[in-house]
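K.L.:
Sharing a structure below in structure tokens format, with a few things to ask.
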Amino acid sequence: MAESKTSLPAELQAMMTEKPPVCNYEGSDYQTSFWEKGGRAYEDACEVVALKRLMPTQGQLLLELGAGAGRNTPRYSGFERIVLLDYSRTQLEQAQAALGKDDRYTYVTADAYRLPFVDGLFDAATMIRTLHHIADARQVLEQVRAVLQQNAVFILEFANKQNIKAILRYLLRKQSWNPFSPEPIEFAALNFDFHPATVRSWLQLANFTVERQLTVSHFRIGLLKRIVPVKLLVWLDSLAQLTGEAWQLSPSVFTRNRAVGASPMAAIGSFFKCPACGTPLADTPPKLVCSRCGQTYPVNDGIYEFRLDVLNPKA
Ligand SMILES: [Zn+2]
């Protein structure tokens with residue numbers, strides 16, 4: 001892997017040298033203000049179409065990274081068990097209230113840079129509208145690959161810097177950053193748009209093959225959303241999504257990836273591992289204690305707490 005790092009642009013290498021900050025939706029009313037009252041019915045419906053095309057119809061254990069308030073969780077109905085992971089506890093509390101304390105769902109607060117699961121555990125993972133907030137995307141993709149079984153499916157959505165609006169703004173000199181250059185653009189604090197070719201190269205470096213690409217939300221334009229009925233706009237988008245194999249010029253891109261290369265199979269009964277030292281943890285609510293480093297992980301009201309910076313605040 002050391003060899004591949006040298007092939008990345010200098011800006012990306014510089015970004016990766018420090019432990020990246022984490023975007024926190026703690027206490028946010030994002031679900032209500034953005035999705036329910038924010039006029040996002042079009043975007044939401046386009047995502048339903050894309051997920052139907054990409055998701056396996058059934059599976060055993062799915063990891064939903066950046067699950068938030070569980071907006072997409074009911075769309076993964078073919079899976080026997082789903083782990084909802086988010087950095088924000090309050091987002092997961094909203095998901096729990098919406099989905100219920102069903103045994104089918106496991107709620108986990110954790111940092112995506114230190115996933116608290118044994119290697120080779122999941123047969124699928126999704127990450128929708130989450131890479132957008134990740135400063136070191138490549139490191140997170142490698143973490144995701146480690147917890148997946150061989151041949152597992154990984155659905156990744158990312159925000160595309162090379163979209164028509166950004167290209168036009170750049171050509172009209174209303175935007176300084178170049179939508180065609182490979183490095184991510186952080187257009188607001190911890191909000192990143194990515195170049196599709198760069199994301200593909202990171203996926204390959206992390207031992208995924210990209211099986212399918214759909215471009216999504218082509219018509220995310222306020223005027224169109226006001227004058228064209230949502231159903232018609234979604235139908236047009238569902239056709240345009242299929243052009244994603246050839247080129248990617250929409251603000252959102254969905255990819256279906258397959259985990260390749262050798263992976264250990266998680267031992268029967270093992271599930272969590274200590275994010276501090278990597279030792280497998282016995283699942284013993286109301287707290288999990290690491291036998292090696294002694295770190296304790298509480299389980300409060302059905303939510304597992306694995307955020308090391310929250311558990312060990314700096315004095
Ligand atoms: Zn430990």
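Note on naming: chains are A, B, ... as they come in the structure tokens, residues start from 1 per chain, ligands start from 1 in the order shown.
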Give as a compact mmCIF listing (two decimals) with N, CA and C atoms, in the first residue's frame the residues surrounding ligand 1 up to a distance of 10 Å, considering only C-alpha atoms and all ligand atoms.
P.N.:
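Saved the output as selection.txt:
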# COMPACT_ATOMS: atom_id res chain seq x y z
N LYS A 273 -15.22 -5.25 18.13
CA LYS A 273 -13.84 -5.24 18.60
C LYS A 273 -13.57 -3.88 19.23
N CYS A 274 -12.54 -3.84 20.06
CA CYS A 274 -12.17 -2.60 20.75
C CYS A 274 -11.58 -1.63 19.72
N PRO A 275 -12.19 -0.45 19.52
CA PRO A 275 -11.61 0.47 18.53
C PRO A 275 -10.28 1.07 18.98
N ALA A 276 -9.96 0.93 20.28
CA ALA A 276 -8.68 1.47 20.77
C ALA A 276 -7.53 0.51 20.47
N CYS A 277 -7.73 -0.80 20.69
CA CYS A 277 -6.60 -1.73 20.54
C CYS A 277 -6.87 -2.89 19.59
N GLY A 278 -8.11 -3.04 19.11
CA GLY A 278 -8.40 -4.06 18.11
C GLY A 278 -8.77 -5.44 18.66
N THR A 279 -8.80 -5.59 19.97
CA THR A 279 -9.14 -6.89 20.57
C THR A 279 -10.64 -7.17 20.46
N PRO A 280 -11.04 -8.38 20.07
CA PRO A 280 -12.48 -8.69 20.05
C PRO A 280 -13.11 -8.50 21.43
N LEU A 281 -14.36 -8.02 21.43
CA LEU A 281 -15.06 -7.72 22.69
C LEU A 281 -16.24 -8.69 22.84
N VAL A 289 -16.28 -4.52 28.12
CA VAL A 289 -14.98 -4.15 28.66
C VAL A 289 -13.89 -4.88 27.87
N CYS A 290 -12.89 -4.12 27.42
CA CYS A 290 -11.80 -4.72 26.67
C CYS A 290 -10.87 -5.48 27.62
N SER A 291 -10.65 -6.78 27.33
CA SER A 291 -9.82 -7.61 28.21
C SER A 291 -8.35 -7.22 28.10
N ARG A 292 -8.00 -6.50 27.04
CA ARG A 292 -6.58 -6.19 26.86
C ARG A 292 -6.23 -4.80 27.38
N CYS A 293 -6.98 -3.76 26.93
CA CYS A 293 -6.59 -2.40 27.33
C CYS A 293 -7.49 -1.83 28.43
N GLY A 294 -8.57 -2.54 28.77
CA GLY A 294 -9.40 -2.10 29.89
C GLY A 294 -10.44 -1.04 29.55
N GLN A 295 -10.45 -0.56 28.32
CA GLN A 295 -11.43 0.46 27.94
C GLN A 295 -12.85 -0.11 28.07
N THR A 296 -13.76 0.72 28.62
CA THR A 296 -15.15 0.30 28.81
C THR A 296 -16.03 1.00 27.79
N TYR A 297 -16.98 0.25 27.21
CA TYR A 297 -17.91 0.81 26.23
C TYR A 297 -19.33 0.60 26.73
K.L.:
Set the distance at 12 Å and use only C-alpha atoms: which residues neighbour Tyr76 in chain A once local chain neighbours fewer than 3 positions away are removed? I'd like the list as a PyMOL selection string.
P.N.:
chain A and resi 48+51-52+54-64+67+70-73+79-84+104-105+124-126+155
K.L.:
Could you pull out the strand (DSSP E) residues of range 66-310 of chain A, going by DSSP on the backbone, and write them as a PyMOL selection string?
P.N.:
chain A and resi 79-86+105-109+122-127+148-159+185-188+191-193+208-216+252-259+287-289+296-300+303-305
K.L.:
I need the residue nearest Glu142 in chain A from this list: A:Lys174, A:Lys37, A:Lys314, A:Arg114. Use only C-alpha atoms for the distance.
P.N.:
A:Arg114
K.L.:
Would you kindly return, as a PyMOL selection string, each protein, DNA or RNA residue with an atom no farther than 9 Å from any atom of Gln213 in chain A, considering only C-alpha atoms and excluding same-chain residues fewer than 5 positions away?
P.N.:
chain A and resi 54+241-246+248+253-256
K.L.:
If we count only C-alpha atoms and set the cut-off at 8 Å, which residues sit around Leu148 in chain A, ignoring sequence neighbours fewer than 6 positions away in its own chain? Please answer as a list in words.
P.N.:
Asp119, Gly120, Leu121, Phe122, Asp123, Ala124, Ala125, Ala259 and Ser263 of chain A
K.L.:
Write the residues of the selection above to a file with N, CA, C and O atoms, as a PDB file, in the first residue's frame.
P.N.:
ATOM      1  N   ASP A 119     -12.977  -8.031  11.755  1.00  0.00           N
ATOM      2  CA  ASP A 119     -12.786  -8.099  10.304  1.00  0.00           C
ATOM      3  C   ASP A 119     -13.698  -9.165   9.691  1.00  0.00           C
ATOM      4  O   ASP A 119     -13.971 -10.192  10.309  1.00  0.00           O
ATOM      5  N   GLY A 120     -14.141  -8.909   8.455  1.00  0.00           N
ATOM      6  CA  GLY A 120     -14.886  -9.913   7.698  1.00  0.00           C
ATOM      7  C   GLY A 120     -16.262 -10.204   8.249  1.00  0.00           C
ATOM      8  O   GLY A 120     -16.785 -11.304   8.081  1.00  0.00           O
ATOM      9  N   LEU A 121     -16.892  -9.227   8.907  1.00  0.00           N
ATOM     10  CA  LEU A 121     -18.175  -9.484   9.586  1.00  0.00           C
ATOM     11  C   LEU A 121     -19.394  -9.351   8.669  1.00  0.00           C
ATOM     12  O   LEU A 121     -20.303 -10.169   8.707  1.00  0.00           O
ATOM     13  N   PHE A 122     -19.428  -8.309   7.857  1.00  0.00           N
ATOM     14  CA  PHE A 122     -20.664  -7.950   7.143  1.00  0.00           C
ATOM     15  C   PHE A 122     -20.686  -8.495   5.719  1.00  0.00           C
ATOM     16  O   PHE A 122     -19.651  -8.556   5.054  1.00  0.00           O
ATOM     17  N   ASP A 123     -21.890  -8.818   5.244  1.00  0.00           N
ATOM     18  CA  ASP A 123     -21.996  -9.210   3.834  1.00  0.00           C
ATOM     19  C   ASP A 123     -22.454  -8.047   2.955  1.00  0.00           C
ATOM     20  O   ASP A 123     -22.581  -8.207   1.741  1.00  0.00           O
ATOM     21  N   ALA A 124     -22.685  -6.885   3.560  1.00  0.00           N
ATOM     22  CA  ALA A 124     -23.003  -5.690   2.765  1.00  0.00           C
ATOM     23  C   ALA A 124     -22.822  -4.437   3.623  1.00  0.00           C
ATOM     24  O   ALA A 124     -22.878  -4.497   4.853  1.00  0.00           O
ATOM     25  N   ALA A 125     -22.597  -3.314   2.936  1.00  0.00           N
ATOM     26  CA  ALA A 125     -22.527  -2.022   3.624  1.00  0.00           C
ATOM     27  C   ALA A 125     -23.062  -0.951   2.689  1.00  0.00           C
ATOM     28  O   ALA A 125     -23.007  -1.098   1.460  1.00  0.00           O
ATOM     29  N   ALA A 259     -16.369  -6.326  -2.771  1.00  0.00           N
ATOM     30  CA  ALA A 259     -15.137  -6.525  -1.995  1.00  0.00           C
ATOM     31  C   ALA A 259     -14.343  -7.664  -2.614  1.00  0.00           C
ATOM     32  O   ALA A 259     -14.850  -8.776  -2.728  1.00  0.00           O
ATOM     33  N   SER A 263     -10.228 -12.032   2.486  1.00  0.00           N
ATOM     34  CA  SER A 263     -10.717 -11.468   3.753  1.00  0.00           C
ATOM     35  C   SER A 263     -10.889 -12.619   4.713  1.00  0.00           C
ATOM     36  O   SER A 263     -11.384 -13.668   4.327  1.00  0.00           O
TER      37      SER A 263
END
K.L.:
I'd like the contact shell of range 28-34 of chain A - 10 Å cut-off, only C-alpha atoms, skipping same-chain residues fewer than 6 positions apart - returned as a count of residues only.
P.N.:
10
K.L.:
Out of A:Arg145, A:Arg220, A:His195, A:Lys231, which residue has the shortest atom-to-atom distance to Phe208 in chain A when counting only C-alpha atoms?
P.N.:
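Closest candidate: A:Arg145.
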K.L.:
Using DSSP assignments from the backbone, pull out every residue in range 90-253 of chain A that falls under helix (DSSP H, G or I) and give it to me as a compact mmCIF listing (two decimals) with C-alpha atoms, in the first residue's frame.
P.N.:
# COMPACT_ATOMS: atom_id res chain seq x y z
CA THR A 90 -29.04 12.09 18.89
CA GLN A 91 -29.40 11.11 15.22
CA LEU A 92 -29.50 7.45 16.27
CA GLU A 93 -32.06 8.24 18.98
CA GLN A 94 -34.28 9.65 16.23
CA ALA A 95 -33.71 6.49 14.16
CA GLN A 96 -34.57 4.34 17.18
CA ALA A 97 -37.77 6.30 17.76
CA ALA A 98 -38.75 5.84 14.10
CA LEU A 99 -37.74 2.19 13.66
CA LEU A 131 -18.47 10.55 2.41
CA HIS A 132 -19.46 14.17 1.84
CA HIS A 133 -18.39 14.89 5.45
CA ALA A 137 -12.11 9.37 2.57
CA ARG A 138 -9.49 6.85 1.55
CA GLN A 139 -8.79 5.82 5.13
CA VAL A 140 -12.51 5.29 5.79
CA LEU A 141 -12.93 3.19 2.64
CA GLU A 142 -10.11 0.94 3.84
CA GLN A 143 -11.82 0.60 7.23
CA VAL A 144 -15.07 -0.36 5.52
CA ARG A 145 -13.33 -2.97 3.37
CA ALA A 146 -11.74 -4.57 6.45
CA VAL A 147 -15.09 -5.29 8.13
CA ILE A 164 -22.86 20.56 -14.72
CA LYS A 165 -23.59 23.47 -12.39
CA ALA A 166 -20.01 23.59 -11.09
CA ILE A 167 -18.63 23.28 -14.64
CA LEU A 168 -20.78 26.17 -15.89
CA ARG A 169 -19.90 28.34 -12.91
CA TYR A 170 -16.22 27.61 -13.45
CA LEU A 171 -16.39 28.42 -17.17
CA PRO A 196 -15.49 10.45 -9.64
CA ALA A 197 -12.14 9.16 -10.98
CA THR A 198 -10.47 9.83 -7.64
CA VAL A 199 -13.18 7.96 -5.73
CA ARG A 200 -12.85 5.02 -8.15
CA SER A 201 -9.10 4.94 -7.62
CA TRP A 202 -9.52 4.96 -3.82
CA LEU A 203 -12.06 2.13 -4.06
CA GLN A 204 -9.65 0.06 -6.13
CA LEU A 205 -6.78 0.75 -3.74
CA GLY A 222 -34.77 25.10 -7.63
CA LEU A 223 -36.72 26.44 -10.63
CA LEU A 224 -37.26 22.98 -12.16
CA LYS A 225 -38.33 21.53 -8.83
CA ARG A 226 -40.92 24.30 -8.52
CA ILE A 227 -42.46 24.08 -12.00
CA VAL A 230 -41.91 15.71 -8.71
CA LYS A 231 -43.05 12.40 -10.23
CA LEU A 232 -42.11 13.53 -13.73
CA LEU A 233 -38.75 14.84 -12.58
CA VAL A 234 -38.00 11.57 -10.78
CA TRP A 235 -38.95 9.58 -13.89
CA LEU A 236 -36.61 11.70 -16.02
CA ASP A 237 -33.87 11.22 -13.44
CA SER A 238 -34.42 7.46 -13.39
CA LEU A 239 -33.64 7.42 -17.14
CA ALA A 240 -30.69 9.78 -16.82
CA GLN A 241 -29.23 7.66 -13.97
CA LEU A 242 -28.32 4.99 -16.51
CA THR A 243 -25.86 7.32 -18.25
CA GLY A 244 -23.71 7.06 -15.12
CA GLU A 245 -21.77 4.19 -16.65
